[in-house]
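**Student:** To start, I am sharing the structure in question, which I have written as structure tokens.
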Amino acid sequence: MSKEIKERIDKLNQQLEEAMDPTTFVLNSAATAIFREIDKLQKQCQHSFVNKECQYCGWREDNE
């Protein structure tokens, strides 16, 4: 399941990059929805930490 979470988060991060304009500081609704989904996936992930970061979802140990 962790591999699937990583693949989904990678895809969401790509969509986020495409949706955001680096010259604008307004958070649009598409970006907000992507952040919420990433948060949900990170909560489901069975973390495997390497250098204090989950290799699957990017969650940092110091976030806990």
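Ligands are numbered from 1 in the order shown, chains are lettered A, B, ... in the order of the structure tokens, and residues start at 1 in each chain.
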List the spatial neighbours of Trp59 of chain A as a ChimeraX atom specification - criterion: any atom at most 12 Å away, only C-alpha atoms, same-chain residues fewer than 4 positions off excluded.

**Tutor:** /A:5-6,9,38-55,63-64

**Student:** Give the helix (DSSP H, G or I) residues of chain A, as assigned by DSSP on the backbone, as a ChimeraX atom specification.

**Tutor:** /A:2-19,29-44,61-63

**Student:** Pull N, CA, C and O atoms from the residues just selected and write them as a short mmCIF file (atom, residue, chain, number, x, y, z; two decimals), in the first residue's frame.

**Tutor:**
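Saved file part-v6.cif follows:
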data_model
loop_
_atom_site.label_atom_id
_atom_site.label_comp_id
_atom_site.auth_asym_id
_atom_site.auth_seq_id
_atom_site.Cartn_x
_atom_site.Cartn_y
_atom_site.Cartn_z
N SER A 2 1.99 1.22 0.67
CA SER A 2 2.84 2.40 0.74
C SER A 2 3.36 2.81 -0.64
O SER A 2 3.49 4.00 -0.93
N LYS A 3 3.63 1.82 -1.49
CA LYS A 3 4.10 2.13 -2.84
C LYS A 3 3.01 2.86 -3.62
O LYS A 3 3.29 3.82 -4.34
N GLU A 4 1.76 2.42 -3.44
CA GLU A 4 0.64 3.08 -4.12
C GLU A 4 0.46 4.51 -3.61
O GLU A 4 0.16 5.41 -4.39
N ILE A 5 0.65 4.69 -2.31
CA ILE A 5 0.55 6.03 -1.73
C ILE A 5 1.63 6.92 -2.33
O ILE A 5 1.36 8.06 -2.72
N LYS A 6 2.85 6.41 -2.43
CA LYS A 6 3.94 7.20 -3.02
C LYS A 6 3.62 7.59 -4.45
O LYS A 6 3.80 8.75 -4.84
N GLU A 7 3.14 6.65 -5.24
CA GLU A 7 2.81 6.94 -6.63
C GLU A 7 1.73 8.00 -6.73
O GLU A 7 1.80 8.92 -7.55
N ARG A 8 0.70 7.92 -5.87
CA ARG A 8 -0.39 8.89 -5.89
C ARG A 8 0.09 10.26 -5.46
O ARG A 8 -0.25 11.28 -6.05
N ILE A 9 0.92 10.32 -4.41
CA ILE A 9 1.44 11.60 -3.94
C ILE A 9 2.34 12.22 -5.00
O ILE A 9 2.29 13.43 -5.24
N ASP A 10 3.16 11.42 -5.67
CA ASP A 10 4.00 11.94 -6.75
C ASP A 10 3.15 12.56 -7.86
O ASP A 10 3.45 13.64 -8.37
N LYS A 11 2.07 11.88 -8.22
CA LYS A 11 1.16 12.39 -9.25
C LYS A 11 0.49 13.69 -8.79
O LYS A 11 0.38 14.65 -9.55
N LEU A 12 0.06 13.73 -7.52
CA LEU A 12 -0.57 14.94 -6.99
C LEU A 12 0.41 16.10 -6.95
O LEU A 12 0.05 17.24 -7.26
N ASN A 13 1.66 15.84 -6.59
CA ASN A 13 2.67 16.90 -6.58
C ASN A 13 2.91 17.44 -7.98
O ASN A 13 3.11 18.64 -8.16
N GLN A 14 2.87 16.57 -8.98
CA GLN A 14 3.02 17.01 -10.36
C GLN A 14 1.83 17.91 -10.74
O GLN A 14 2.02 18.96 -11.36
N GLN A 15 0.63 17.50 -10.38
CA GLN A 15 -0.56 18.30 -10.67
C GLN A 15 -0.48 19.65 -9.96
O GLN A 15 -0.88 20.68 -10.50
N LEU A 16 0.06 19.63 -8.74
CA LEU A 16 0.20 20.86 -7.97
C LEU A 16 1.15 21.82 -8.66
O LEU A 16 0.87 23.02 -8.78
N GLU A 17 2.26 21.31 -9.14
CA GLU A 17 3.22 22.15 -9.86
C GLU A 17 2.58 22.77 -11.10
O GLU A 17 2.81 23.94 -11.41
N GLU A 18 1.77 21.99 -11.80
CA GLU A 18 1.11 22.48 -13.00
C GLU A 18 0.03 23.51 -12.67
O GLU A 18 -0.20 24.43 -13.45
N ALA A 19 -0.61 23.37 -11.52
CA ALA A 19 -1.72 24.25 -11.16
C ALA A 19 -1.26 25.58 -10.57
O ALA A 19 -1.99 26.56 -10.61
N SER A 29 -8.21 26.86 -5.58
CA SER A 29 -8.98 25.74 -5.04
C SER A 29 -8.43 24.39 -5.48
O SER A 29 -8.50 23.41 -4.72
N ALA A 30 -7.85 24.29 -6.68
CA ALA A 30 -7.25 23.03 -7.13
C ALA A 30 -6.08 22.66 -6.23
O ALA A 30 -5.94 21.51 -5.81
N ALA A 31 -5.24 23.63 -5.91
CA ALA A 31 -4.09 23.37 -5.04
C ALA A 31 -4.55 22.97 -3.64
O ALA A 31 -4.00 22.05 -3.04
N THR A 32 -5.58 23.62 -3.14
CA THR A 32 -6.12 23.29 -1.82
C THR A 32 -6.62 21.85 -1.78
O THR A 32 -6.33 21.11 -0.83
N ALA A 33 -7.32 21.43 -2.81
CA ALA A 33 -7.83 20.05 -2.88
C ALA A 33 -6.68 19.05 -2.94
O ALA A 33 -6.74 17.99 -2.29
N ILE A 34 -5.63 19.38 -3.66
CA ILE A 34 -4.47 18.49 -3.76
C ILE A 34 -3.78 18.37 -2.41
O ILE A 34 -3.43 17.28 -1.97
N PHE A 35 -3.58 19.51 -1.71
CA PHE A 35 -2.97 19.46 -0.38
C PHE A 35 -3.78 18.60 0.58
O PHE A 35 -3.22 17.84 1.38
N ARG A 36 -5.10 18.71 0.51
CA ARG A 36 -5.96 17.90 1.39
C ARG A 36 -5.82 16.41 1.09
O ARG A 36 -5.78 15.59 2.01
N GLU A 37 -5.76 16.06 -0.18
CA GLU A 37 -5.62 14.65 -0.53
C GLU A 37 -4.26 14.11 -0.10
O GLU A 37 -4.15 13.00 0.41
N ILE A 38 -3.20 14.90 -0.27
CA ILE A 38 -1.87 14.48 0.17
C ILE A 38 -1.88 14.25 1.68
O ILE A 38 -1.35 13.26 2.18
N ASP A 39 -2.49 15.17 2.43
CA ASP A 39 -2.59 15.02 3.89
C ASP A 39 -3.31 13.73 4.26
O ASP A 39 -2.87 12.99 5.15
N LYS A 40 -4.40 13.43 3.57
CA LYS A 40 -5.17 12.21 3.83
C LYS A 40 -4.31 10.97 3.55
O LYS A 40 -4.29 10.02 4.35
N LEU A 41 -3.57 10.98 2.45
CA LEU A 41 -2.71 9.84 2.11
C LEU A 41 -1.58 9.68 3.13
O LEU A 41 -1.23 8.56 3.50
N GLN A 42 -1.01 10.79 3.58
CA GLN A 42 0.06 10.72 4.58
C GLN A 42 -0.44 10.11 5.89
O GLN A 42 0.29 9.39 6.56
N LYS A 43 -1.69 10.35 6.23
CA LYS A 43 -2.25 9.78 7.45
C LYS A 43 -2.48 8.27 7.31
O LYS A 43 -2.46 7.56 8.30
N GLN A 44 -2.69 7.79 6.09
CA GLN A 44 -2.91 6.36 5.85
C GLN A 44 -1.60 5.58 5.70
O GLN A 44 -1.58 4.37 5.86
N GLU A 61 9.51 12.99 10.39
CA GLU A 61 9.37 12.54 11.79
C GLU A 61 9.13 13.70 12.73
O GLU A 61 8.42 13.56 13.72
N ASP A 62 9.72 14.87 12.45
CA ASP A 62 9.55 16.00 13.34
C ASP A 62 8.15 16.61 13.27
O ASP A 62 7.80 17.47 14.05
N ASN A 63 7.30 16.15 12.33
CA ASN A 63 5.91 16.62 12.24
C ASN A 63 5.04 16.01 13.32
O ASN A 63 3.94 16.49 13.56
#

**Student:** Select from chain A everything DSSP, run on the backbone, classes as strand (DSSP E), then give the selection as a list in words.

**Tutor:**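 Selecting the strand (DSSP E) positions of chain A gives Phe49, Val50, Glu53 and Cys54 of chain A.
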
**Student:** Write the residues you've just listed into a file as a compact mmCIF listing (two decimals), in the first residue's frame, and include N, CA, C and O atoms for each of them.

**Tutor:**
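Saved file out_34.txt follows:
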# COMPACT_ATOMS: atom_id res chain seq x y z
N PHE A 49 10.84 5.52 7.59
CA PHE A 49 11.67 6.72 7.61
C PHE A 49 13.11 6.46 7.20
O PHE A 49 13.74 5.49 7.62
N VAL A 50 13.61 7.35 6.38
CA VAL A 50 15.02 7.39 5.98
C VAL A 50 15.44 8.85 6.17
O VAL A 50 14.83 9.75 5.58
N GLU A 53 12.62 11.25 7.06
CA GLU A 53 11.55 11.49 6.11
C GLU A 53 11.04 10.17 5.57
O GLU A 53 11.83 9.31 5.19
N CYS A 54 9.72 10.03 5.52
CA CYS A 54 9.13 8.80 5.00
C CYS A 54 9.46 8.67 3.52
O CYS A 54 9.22 9.60 2.74
